[in-house]
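Have a look at the structure below before the remarks.
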Amino acid sequence: SHLRACKRFAAWLGRSPETATPDDVKYFQQHLIESGTSICMRNQTMTGVKFLLRVTLRRHDLVAEIFHLKEPVKVPLVLSQKEIKRILAVAPSLKAKVMLSLAYGCGMRAGEVVRLKVGDIDSAQKIIRIVQSKGRKDRNVMLPADILDLLREWWKERLTGQDKGVPAPERVLFPGYRGKHLSARQLSRLFKETAREAGITKPVTLHTLRHSFATHLLERGVDIRVIQALLGHAKLTTTARYASVATGMIAAVDSPLDDLNQTTRKKGKARPS
């Protein structure tokens with residue numbers, strides 16, 4: 001991404017970035033905003049340009065002209081348990097049902113699901129090991145009994161043509177083509193098609209299942225630090241945002257207005273004769 005950012009800056013500049021001036025950096029940032037570049041992409045681009053100017057060119061005078069825009073905080077989209085049940089019910093195949101169940105039931109990302117290997121499933125300890133995921137971190141998630149049953153059922157149906165010469169623990173659970181696993185994009189497309197078939201009209205993505213997993217655990221009273229560990233979040237603040245969409249928790253909070261009305265009712269209550 002840094003390389004793309006540097007190429008974009010050089011192309012706009014029309015000459016070597018070594019000759020850039022403070023005004024050039026200001027006008028380039030203005031150009032990104034006026035061209036409709038999203039805040040996220042704009043910030044990524046300027047991070048790459050900042051690296052070029054600070055580390056490669058040692059132009060600290062130009063680095064001072066770079067600023068980042070604050071991205072709007074968006075509430076994660078969450079599905080209800082009834083909606084998720086509808087999606088799983090119309091899954092087009094056992095393979096699809098297993099993968100979508102893992103995404104929701106274990107809070108796994110698309111890439112984590114498709115890269116699962118036999119050795120990652122620990123039925124004795126009832127956990128799934130997620131190896132070198134986002135941020136190059138390992139973590140463990142729960143292995144629900146229903147998902148274990150689905151995995152065992154899928155193992156009987158799974159094609160074995162790509163297993164030759166591959167040690168059992170290294171065999172991918174969801175093989176694709178040419179000895180590789182399915183791609184995350186294929187799984188994401190499968191989810192969108194299944195959600196549409198289930199009558200879901202919300203703008204959902206596969207990651208919505210992960211959001212729903214975290215929110216539903218929070219509504220059940222699971223400690224937020226446990227949820228943080230299950231999701232693999234480095235910061236608790238990232239996990240804490242799910243409190244804003246935990247509708248069950250929000251609806252269960254008593255409004256202070258209820259206390260006022262209750263006090264009024266008590267004062268207006270007729271005394272017994």
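To be explicit about the labels: the chains of the structure tokens are called A, B, and onward in the order shown, and within each one the residues are counted from 1, while ligands get numbers from 1 in the order they are shown.
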Residues of segment 55-159 of chain A at most 12 Å from segment 221-227 of chain A: nearest atom pair and distance in Å, only C-alpha atoms, as CSV:
```
residue,atom,partner,partner_atom,distance
A:Cys106,CA,A:Ile227,CA,10.6
A:Gly107,CA,A:Ile227,CA,9.4
A:Arg139,CA,A:Val226,CA,11.9
A:Asn140,CA,A:Val226,CA,11.2
A:Val141,CA,A:Ile227,CA,9.8
A:Met142,CA,A:Ile227,CA,11.1
```
Would you output that residue set with N, CA and C atoms, as a PDB file, in the first residue's frame?
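The file below, part_6.pdb, is the result:
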```pdb
ATOM      1  N   CYS A 106     -18.116 -19.278  16.068  1.00  0.00           N
ATOM      2  CA  CYS A 106     -16.789 -19.125  16.660  1.00  0.00           C
ATOM      3  C   CYS A 106     -16.218 -17.728  16.447  1.00  0.00           C
ATOM      4  N   GLY A 107     -16.971 -16.858  15.771  1.00  0.00           N
ATOM      5  CA  GLY A 107     -16.503 -15.490  15.541  1.00  0.00           C
ATOM      6  C   GLY A 107     -15.285 -15.406  14.653  1.00  0.00           C
ATOM      7  N   ARG A 139      -4.572 -17.719  18.256  1.00  0.00           N
ATOM      8  CA  ARG A 139      -5.541 -17.662  19.345  1.00  0.00           C
ATOM      9  C   ARG A 139      -6.379 -18.930  19.321  1.00  0.00           C
ATOM     10  N   ASN A 140      -7.096 -19.168  20.395  1.00  0.00           N
ATOM     11  CA  ASN A 140      -8.016 -20.297  20.483  1.00  0.00           C
ATOM     12  C   ASN A 140      -9.446 -19.781  20.579  1.00  0.00           C
ATOM     13  N   VAL A 141     -10.363 -20.513  19.943  1.00  0.00           N
ATOM     14  CA  VAL A 141     -11.787 -20.229  20.109  1.00  0.00           C
ATOM     15  C   VAL A 141     -12.490 -21.522  20.497  1.00  0.00           C
ATOM     16  N   MET A 142     -13.708 -21.385  20.971  1.00  0.00           N
ATOM     17  CA  MET A 142     -14.449 -22.551  21.403  1.00  0.00           C
ATOM     18  C   MET A 142     -14.837 -23.447  20.225  1.00  0.00           C
TER      19      MET A 142
END
```
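Residues of segment 69-156 of chain A carrying a DSSP assignment of strand (DSSP E or B), computed from the backbone, are Lys117, Ile121, Asp122, Ile127, Ile128, Arg129, Ile130, Arg139, Asn140, Val141 and Met142 of chain A.
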I'd like the contact shell of Ala243 of chain A - 9 Å cut-off, only C-alpha atoms, skipping same-chain residues fewer than 5 positions apart - returned as a ChimeraX atom specification.
/A:215,218-219,249-250
Preceding selection exported with N, CA and C atoms as a CSV table (one decimal), in the first residue's frame:
```csv
chain,number,residue,atom,x,y,z
A,215,THR,N,-21.7,-9.5,19.7
A,215,THR,CA,-22.8,-8.8,20.3
A,215,THR,C,-23.7,-9.8,21.1
A,218,LEU,N,-22.1,-10.7,24.3
A,218,LEU,CA,-22.2,-9.6,25.3
A,218,LEU,C,-23.6,-9.6,25.9
A,219,GLU,N,-24.6,-9.8,25.1
A,219,GLU,CA,-26.0,-9.8,25.6
A,219,GLU,C,-26.2,-10.9,26.6
A,249,MET,N,-29.1,-5.7,25.9
A,249,MET,CA,-28.6,-5.0,27.0
A,249,MET,C,-29.2,-3.6,27.1
A,250,ILE,N,-29.3,-2.9,26.0
A,250,ILE,CA,-29.8,-1.5,25.9
A,250,ILE,C,-31.3,-1.5,26.4
```
Atomic separation - atom CA of Arg171 of chain A relative to atom CA of Gln125 of chain A, Å
20.1 Å
Considering only C-alpha atoms, state which residue in the set A:Glu65, A:Arg58, A:Cys6, A:Asp122 is at the smallest distance from Asp23 of chain A.
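Looking at the shortest contact to Asp23 of chain A, the residue is A:Glu65.
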Among the residues A:Leu53, A:Val78, A:Val25, A:Ala184, the one that comes closest to Ala246 of chain A [using only C-alpha atoms]:
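Result for the nearest residue to Ala246 of chain A: A:Val78.
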Taking 3 positions as the minimum chain separation for residues in the same chain, which residues sit within 10 Å of Gln228 of chain A when counting only C-alpha atoms? Answer as a PyMOL selection string.
chain A and resi 214+223-225+231-240
Rank nothing, just name the residue among A:Ser35, A:Leu209, A:Phe67, A:Lys164 nearest to Ser101 of chain A, using only C-alpha atoms.
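Among the listed residues, the smallest separation from Ser101 of chain A belongs to A:Leu209.
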Which is closer to Lys82 of chain A than all the others in A:Ala198, A:Leu257, A:Leu148, A:Ala251, using only C-alpha atoms?
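Checking each of A:Ala198, A:Leu257, A:Leu148, A:Ala251 against Lys82 of chain A, counting only C-alpha atoms, the winner is A:Ala198.
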Go through segment 151-229 of chain A residue by residue and, counting only C-alpha atoms, keep those with an atom at most 12 Å from segment 85-96 of chain A; for each kept residue give the shortest atom pair and its distance in Å to one decimal, ordered by chain and increasing number, as CSV.
```
residue,atom,partner,partner_atom,distance
A:Leu151,CA,A:Lys95,CA,8.9
A:Arg152,CA,A:Leu94,CA,11.1
A:Glu153,CA,A:Leu94,CA,8.4
A:Trp154,CA,A:Lys95,CA,6.5
A:Trp155,CA,A:Lys95,CA,9.6
A:Lys156,CA,A:Leu94,CA,11.0
A:Glu157,CA,A:Leu94,CA,8.7
A:Arg158,CA,A:Lys95,CA,8.3
A:Leu159,CA,A:Lys95,CA,11.0
A:Leu173,CA,A:Lys95,CA,9.6
A:Phe174,CA,A:Lys95,CA,7.7
A:Pro175,CA,A:Lys95,CA,10.4
A:Gly176,CA,A:Lys95,CA,11.6
A:Leu182,CA,A:Lys95,CA,11.2
A:Gln186,CA,A:Ala96,CA,10.7
A:Leu187,CA,A:Ala96,CA,8.2
A:Ser188,CA,A:Ala96,CA,10.8
A:Arg189,CA,A:Ala96,CA,11.1
A:Leu190,CA,A:Ala96,CA,7.6
A:Phe191,CA,A:Ala96,CA,8.3
A:Lys192,CA,A:Ile87,CA,9.8
A:Glu193,CA,A:Ala91,CA,9.3
A:Thr194,CA,A:Ala91,CA,6.0
A:Ala195,CA,A:Ile87,CA,5.6
A:Arg196,CA,A:Ile87,CA,8.6
A:Glu197,CA,A:Val90,CA,7.0
A:Ala198,CA,A:Ile87,CA,5.3
A:Gly199,CA,A:Arg86,CA,8.4
A:Ile200,CA,A:Ile87,CA,8.2
A:Thr201,CA,A:Ile87,CA,11.9
A:Val204,CA,A:Ile87,CA,11.7
A:Leu206,CA,A:Ile87,CA,11.4
A:Leu209,CA,A:Ile87,CA,10.5
```
Let's have the selection written as a short mmCIF file (atom, residue, chain, number, x, y, z; two decimals), in the first residue's frame, with N, CA, C and O atoms.
```cif
data_model
loop_
_atom_site.label_atom_id
_atom_site.label_comp_id
_atom_site.auth_asym_id
_atom_site.auth_seq_id
_atom_site.Cartn_x
_atom_site.Cartn_y
_atom_site.Cartn_z
N LEU A 151 -18.73 -30.83 11.48
CA LEU A 151 -17.40 -31.11 10.93
C LEU A 151 -17.22 -32.60 10.68
O LEU A 151 -16.65 -32.99 9.65
N ARG A 152 -17.68 -33.43 11.58
CA ARG A 152 -17.56 -34.88 11.41
C ARG A 152 -18.41 -35.36 10.23
O ARG A 152 -18.01 -36.23 9.47
N GLU A 153 -19.57 -34.75 10.09
CA GLU A 153 -20.44 -35.09 8.96
C GLU A 153 -19.80 -34.65 7.64
O GLU A 153 -19.84 -35.37 6.65
N TRP A 154 -19.20 -33.45 7.65
CA TRP A 154 -18.54 -32.94 6.46
C TRP A 154 -17.32 -33.78 6.09
O TRP A 154 -17.04 -34.00 4.92
N TRP A 155 -16.61 -34.27 7.08
CA TRP A 155 -15.40 -35.06 6.83
C TRP A 155 -15.72 -36.33 6.03
O TRP A 155 -14.92 -36.78 5.20
N LYS A 156 -16.90 -36.88 6.25
CA LYS A 156 -17.31 -38.08 5.51
C LYS A 156 -17.61 -37.74 4.05
O LYS A 156 -17.43 -38.57 3.16
N GLU A 157 -18.07 -36.50 3.82
CA GLU A 157 -18.48 -36.09 2.48
C GLU A 157 -17.35 -35.41 1.70
O GLU A 157 -17.38 -35.35 0.46
N ARG A 158 -16.38 -34.91 2.42
CA ARG A 158 -15.28 -34.13 1.82
C ARG A 158 -14.48 -34.95 0.81
O ARG A 158 -14.14 -36.10 1.04
N LEU A 159 -14.16 -34.33 -0.34
CA LEU A 159 -13.36 -34.99 -1.37
C LEU A 159 -11.91 -35.12 -0.89
O LEU A 159 -11.36 -34.22 -0.27
N LEU A 173 -9.44 -28.30 5.51
CA LEU A 173 -10.80 -28.80 5.72
C LEU A 173 -11.71 -28.48 4.53
O LEU A 173 -12.63 -29.24 4.22
N PHE A 174 -11.44 -27.35 3.88
CA PHE A 174 -12.30 -26.93 2.78
C PHE A 174 -11.45 -26.70 1.52
O PHE A 174 -11.12 -25.56 1.18
N PRO A 175 -11.08 -27.80 0.85
CA PRO A 175 -10.22 -27.69 -0.33
C PRO A 175 -10.89 -26.97 -1.49
O PRO A 175 -12.10 -27.07 -1.69
N GLY A 176 -10.06 -26.24 -2.22
CA GLY A 176 -10.54 -25.56 -3.42
C GLY A 176 -9.98 -26.24 -4.65
O GLY A 176 -10.14 -27.44 -4.83
N LEU A 182 -10.22 -22.94 -0.29
CA LEU A 182 -11.10 -21.93 -0.89
C LEU A 182 -10.56 -20.54 -0.56
O LEU A 182 -9.86 -20.35 0.43
N GLN A 186 -14.42 -16.20 -2.16
CA GLN A 186 -15.44 -17.20 -2.51
C GLN A 186 -16.43 -17.38 -1.37
O GLN A 186 -17.63 -17.47 -1.58
N LEU A 187 -15.90 -17.46 -0.15
CA LEU A 187 -16.76 -17.63 1.02
C LEU A 187 -17.64 -16.40 1.23
O LEU A 187 -18.83 -16.53 1.54
N SER A 188 -17.09 -15.23 1.05
CA SER A 188 -17.87 -14.00 1.21
C SER A 188 -19.00 -13.92 0.19
O SER A 188 -20.13 -13.53 0.51
N ARG A 189 -18.70 -14.32 -1.04
CA ARG A 189 -19.72 -14.32 -2.08
C ARG A 189 -20.81 -15.34 -1.76
O ARG A 189 -22.00 -15.08 -1.95
N LEU A 190 -20.41 -16.50 -1.26
CA LEU A 190 -21.36 -17.54 -0.87
C LEU A 190 -22.30 -17.03 0.22
O LEU A 190 -23.51 -17.26 0.17
N PHE A 191 -21.75 -16.30 1.20
CA PHE A 191 -22.58 -15.78 2.28
C PHE A 191 -23.61 -14.80 1.75
O PHE A 191 -24.79 -14.84 2.14
N LYS A 192 -23.19 -13.88 0.89
CA LYS A 192 -24.12 -12.88 0.36
C LYS A 192 -25.26 -13.54 -0.42
O LYS A 192 -26.43 -13.13 -0.31
N GLU A 193 -24.93 -14.55 -1.20
CA GLU A 193 -25.96 -15.27 -1.96
C GLU A 193 -26.93 -15.99 -1.02
O GLU A 193 -28.14 -16.00 -1.24
N THR A 194 -26.39 -16.59 0.04
CA THR A 194 -27.23 -17.31 1.01
C THR A 194 -28.11 -16.35 1.79
O THR A 194 -29.29 -16.64 2.04
N ALA A 195 -27.55 -15.21 2.18
CA ALA A 195 -28.33 -14.21 2.92
C ALA A 195 -29.47 -13.69 2.05
O ALA A 195 -30.60 -13.49 2.54
N ARG A 196 -29.20 -13.48 0.77
CA ARG A 196 -30.24 -13.02 -0.15
C ARG A 196 -31.34 -14.07 -0.26
O ARG A 196 -32.54 -13.75 -0.26
N GLU A 197 -30.93 -15.33 -0.32
CA GLU A 197 -31.91 -16.43 -0.41
C GLU A 197 -32.76 -16.51 0.86
O GLU A 197 -33.94 -16.89 0.82
N ALA A 198 -32.18 -16.12 2.00
CA ALA A 198 -32.90 -16.16 3.27
C ALA A 198 -33.79 -14.93 3.46
O ALA A 198 -34.46 -14.81 4.49
N GLY A 199 -33.80 -14.03 2.48
CA GLY A 199 -34.65 -12.85 2.58
C GLY A 199 -34.07 -11.73 3.41
O GLY A 199 -34.80 -10.83 3.86
N ILE A 200 -32.75 -11.74 3.62
CA ILE A 200 -32.09 -10.68 4.37
C ILE A 200 -31.85 -9.50 3.43
O ILE A 200 -31.15 -9.64 2.43
N THR A 201 -32.42 -8.36 3.75
CA THR A 201 -32.28 -7.18 2.89
C THR A 201 -31.25 -6.19 3.41
O THR A 201 -30.95 -5.21 2.74
N VAL A 204 -25.44 -6.77 4.39
CA VAL A 204 -24.57 -7.60 5.21
C VAL A 204 -23.36 -8.10 4.44
O VAL A 204 -23.37 -8.21 3.21
N LEU A 206 -19.92 -11.12 5.20
CA LEU A 206 -19.59 -12.25 6.08
C LEU A 206 -19.14 -11.76 7.45
O LEU A 206 -19.40 -12.42 8.46
N LEU A 209 -21.43 -11.70 10.54
CA LEU A 209 -21.58 -12.85 11.43
C LEU A 209 -20.65 -12.72 12.64
O LEU A 209 -21.00 -13.08 13.76
#
```
Can you check which residues of segment 102-183 of chain A DSSP gives as helix (DSSP H, G or I) on the backbone and send them as a VMD selection string?
chain A and resid 102 to 105 110 to 114 118 to 120 145 to 157 168 to 170
